[in-house]
2 protein chains.
Amino acid sequence: MSGPSRRGFLAATVAAAAGSGIAARPAVADTAMKRPVGDTEPFWDAHQGGIVTPSQRYTYFATFDLTAATGDEVAALMRAWTAASARLAAGQTAQPLAGPLDPAVARSPAGHKGGASYDVPGAAAMAADTGEVLGMPPERLTVTFGFGAGLFTKDGKDRYGLAARRPAALVDLPKFPGDELVEAHTGGDLSVQACADDPQVAFHAVRQLARIAAGAASIRWAQAGFLPHRVRQETPRNLLGFKDGTVNPSVNDPKAMQEFVWAGSEAPAWMRGGSYVVARRIRMALEHWDRMPVAFQEQTFGRHKYSGAPLGGKVESDPPDLQAKDKDGNFIIAENAHVRLAAAATNGSAQILRRPFSYNNGVDFTAERWPPWHQGSEYDAGLLFICYQRDPRSGFIRIFERLAKFDMMNQFVTHVGGGLFACPPGAVAGGFIGQHLFEQT
Amino acid sequence: MSGPSRRGFLAATVAAAAGSGIAARPAVADTAMKRPVGDTEPFWDAHQGGIVTPSQRYTYFATFDLTAATGDEVAALMRAWTAASARLAAGQTAQPLAGPLDPAVARSPAGHKGGASYDVPGAAAMAADTGEVLGMPPERLTVTFGFGAGLFTKDGKDRYGLAARRPAALVDLPKFPGDELVEAHTGGDLSVQACADDPQVAFHAVRQLARIAAGAASIRWAQAGFLPHRVRQETPRNLLGFKDGTVNPSVNDPKAMQEFVWAGSEAPAWMRGGSYVVARRIRMALEHWDRMPVAFQEQTFGRHKYSGAPLGGKVESDPPDLQAKDKDGNFIIAENAHVRLAAAATNGSAQILRRPFSYNNGVDFTAERWPPWHQGSEYDAGLLFICYQRDPRSGFIRIFERLAKFDMMNQFVTHVGGGLFACPPGAVAGGFIGQHLFEQT
């Protein structure tokens with residue numbers, strides 16, 4: 001993702017803004033350029049979208065490394081990203097279309113029913129939007145921005161003068177037992193989570209933002225994710241075949257969201273009403289899992305596979321009974337079962353808002369160096385685990401420290417990448433995400 | 001994908017078939033195990049599904065390397081795969097569920113409304129289905145099988161006694177100019193194309209087939225693909241932002257299908273009514289493409305980006321005018337434009353049935369060894385090009401030989417994997433795909 005000189009970003013942004021006025025041309029009526037009306041999620045809001053928004057079916061999650069020279073350039077990037085995201089969420093192109101207009105369209109406006117207007121600039125312009133969602137509805141797109149530790153301090157340097165504003169909650173994630181994080185798929189200075197009910201719309205959003213960022217930031221890692229169609233609002237099943245997300249604080253409970261998701265007065269002013277996101281790419285050894293008897297899979301989860309009921313319970317909505325024992329005095333939900341270790345009751349009431357997706361990158365070739373020297377192609381698939389919380393120290397870190405040590409599931413899953421990012425609150429129209437961080441005095 | 005000894009596949013299959021009778025238990029009424037009724041595509045048919053079937057939105061395309069010892073074992077695999085695929089297409093589990101039943105469900109059948117029946121075997125069984133689509137409708141699933149050259153001859157050996165039955169049309173694909181095929185993502189003895197309107201359903205099908213194949217075949221490469229939501233039946237746009245698939249022979253025209261898609265009397269008897277599939281993973285240099293002016297992109301394609309009209313035309317459905325020239329005497333659709341080189345008129349009337357999907361594997365890191373020494377993460381995304389034809393020698397090969405040499409698009413796309421497979425005709429209920437190849441005398 002090369003681009004103009006990194007020092008040029010701010011100047012280029014200013015020039016583009018100025019140029020858009022100079023280059024204004026008569027608007028032409030046309031529906032070919034207009035995206036159909038469809039379900040939209042609000043962009044300008046007290047909180048960023050994509051956190052308590054009911055989960056869309058697809059995501060494209062990406063992180064960026066900053067190459068901007070100054071904090072002003074980073075602020076300009078966030079301003080440009082915010083404006084583009086608001087347009088995209090409304091079903092518009094990322095920027096007003098500045099590519100050459102179809103001669104066919106320009107010549108025959110009467111052939112098109114009126115509607116959206118757009119600029120008609122010179123023919124040699126780079127497209128203001130890559131165009132692959134033209135004609136498509138907004139698909140409930142949300143774009144959620146986060147700030148990684150690298151925005152505040154990188155290699156020990158306070159490169160943007162923001163080090164003093166780093167939230168205490170934005171810790172460096174500890175290395176957990178079993179972590180096999182791949183450097184190239186871990187970290188990043190900024191995060192962008194695009195979610196939509198269509199995979200092309202989600203990817204399109206990040207692609208436009210990456211283009212806008214040229215010279216200021218470039219993609220570090222990215223992962224597409226999906227959920228299966230939900231039927232009758234049933235809890236979707238993950239690739240292990242189990243219902244995933246049964247126990248989650250309700251996004252319809254503002255009190256629970258305030259307690260577990262939104263940063264409060266303990267946070268720096270610029271983060272209040274924001275949240276912290278932990279993303280982890282969790283590869284599943286599906287071939288191995290698929291050879292296990294269902295009874296063993298259920299012991300591992302602590303739930304029945306087909307109904308989703310906790311072991312010892314009858315229906316999915318039954319709360320897991322962590323005290324129940326069988327006639328031999330053994331816990332019905334084993335001590336190292338996933339639901340026991342993840343339960344708030346065993347984690348000092350810790351709760352996080354999970355917003356996971358499955359991922360599927362096909363297969364890759366693996367050769368073991370130890371008996372039984374298995375070699376062959378294995379699924380590169382699993383869970384793109386995403387969760388939001390008020391403070392990761394009392395959220396993901398507290399919960400996962402125990403899971404990483406004891407969870408019976410660990411023999412089937414490996415964390416291979418991810419990151420932690422501080423997601424500021426939402427913005428008011430005309431402002432931008434993170435504005436109070438950059439403009440704080 | 002290890003499994004039982006490769007010599008054990010046939011024996012294990014026979015034992016399972018015998019065992020299913022012995023192990024029969026009283027059926028229990030339950031809807032928790034039943035997948036909802038939804039749109040289905042027929043499985044038992046003169047032709048395999050997934051060829052002229054109107055394209056579903058998602059695919060999981062995989063190829064397998066055979067490890068079976070004998071032709072009988074391969075035939076047994078195809079029989080088992082066929083039976084499982086027919087069940088899956090009907091929205092059933094791949095095999096009758098033989099995992100332990102939820103105690104909660106078994107204990108309270110009255111709590112569930114009657115419907116599907118299933119077996120209730122011992123508690124230690126490996127699941128007969130991995131379960132991640134339980135509760136989901138069939139989503140128009142089709143499964144399409146193909147035979148690669150390696151089924152007939154491998155490393156010069158006629159390992160299954162089928163070499164003499166290899167169709168002349170199942171050639172080894174030539175190395176085309178610009179090919180950068182990665183060995184690990186190329187070839188395979190068998191191909192499986194699962195298509196559905198849900199990504200989890202498509203992957204689930206291949207995953208079940210891979211489990212059934214344990215000891216006889218293992219996955220070589222795989223790629224998930226998608227199409228954007230179609231609005232008003234508009235032609236979907238690919239990741240280059242252009243409408244893709246405008247010119248395709250109509251699947252509603254049996255005469256065209258007979259002429260261009262279905263193998264006829266020129267083919268061996270076992271292939272008549274079948275088709276040949278070429279799959280190519282085509283990586284797109286999206287970052288590079290996105291920096292091009294729209295006018296240049298349009299010259300490259302030979303079409304307008306926004307309307308899809310051919311250059312010089314007004315609407316998408318206008319046929320490209322390959323003779324039209326501008327006032328300076330230059331062709332309006334350039335000599336090296338994609339639509340000109342791909343047009344039947346310039347290829348001796350060659351036509352193929354394209355059934356492409358986009359793919360998106362995130363990003364990977366690239367470092368150039370030559371100026372300008374660009375390095376960074378680049379999109380690992382593009383086109384999973386799939387096409388069907390009566391004979392690849394007069395289809396894909398004829399068309400692509402010229403495209404590979406001259407297409408202006410080649411500076412933006414690289415073929416990085418794929419294969420050619422002979423897809424037999426469909427099967428009658430109780431038979432199996434490829435039966436006439438294996439049972440031919």
# chains A, B, ... in the order shown; residues from 1 in each chain; ligands from 1

call {"tool": "interface_residues", "arguments": {"of": "chain B", "to": "chain A", "cutoff": "7 Å", "atoms": "only C-alpha atoms", "output": "PyMOL selection string"}}
result
chain B and resi 1-2+32+99-100+102+104+123-127+130-132+136+198-200+219-224+228-229+231+237-242+287+290-295+304+306-307+313-314+361-363+374+376-378

call {"tool": "residues_around", "arguments": {"residues": "Arg79 of chain A", "least_positions_apart": "4", "cutoff": "10 Å", "atoms": "only C-alpha atoms", "output": "ChimeraX atom specification"}}
result
/A:13,73-75,83-85,430-435

call {"tool": "write_last_selection", "arguments": {"atoms": "C-alpha atoms", "output": "compact mmCIF listing (two decimals), in the first residue's frame"}}
result
# COMPACT_ATOMS: atom_id res chain seq x y z
CA THR A 13 -6.07 16.53 2.35
CA GLU A 73 -1.84 14.58 10.26
CA VAL A 74 -3.34 11.81 12.35
CA ALA A 75 -6.19 14.15 13.35
CA ALA A 83 -16.59 11.99 7.00
CA ALA A 84 -16.17 9.07 4.59
CA SER A 85 -17.64 6.60 7.07
CA GLY A 430 -19.26 17.89 11.60
CA GLY A 431 -16.92 16.58 14.27
CA PHE A 432 -14.78 13.48 14.06
CA ILE A 433 -14.01 10.32 16.00
CA GLY A 434 -11.24 10.97 18.52
CA GLN A 435 -11.53 14.72 18.20

call {"tool": "atom_distance", "arguments": {"atom1": "atom CA of Gly91 of chain A", "atom2": "atom CA of Pro42 of chain A"}}
result
11.3 Å

call {"tool": "atom_distance", "arguments": {"atom1": "atom CA of Phe43 of chain B", "atom2": "atom CA of Glu439 of chain B"}}
result
21.1 Å
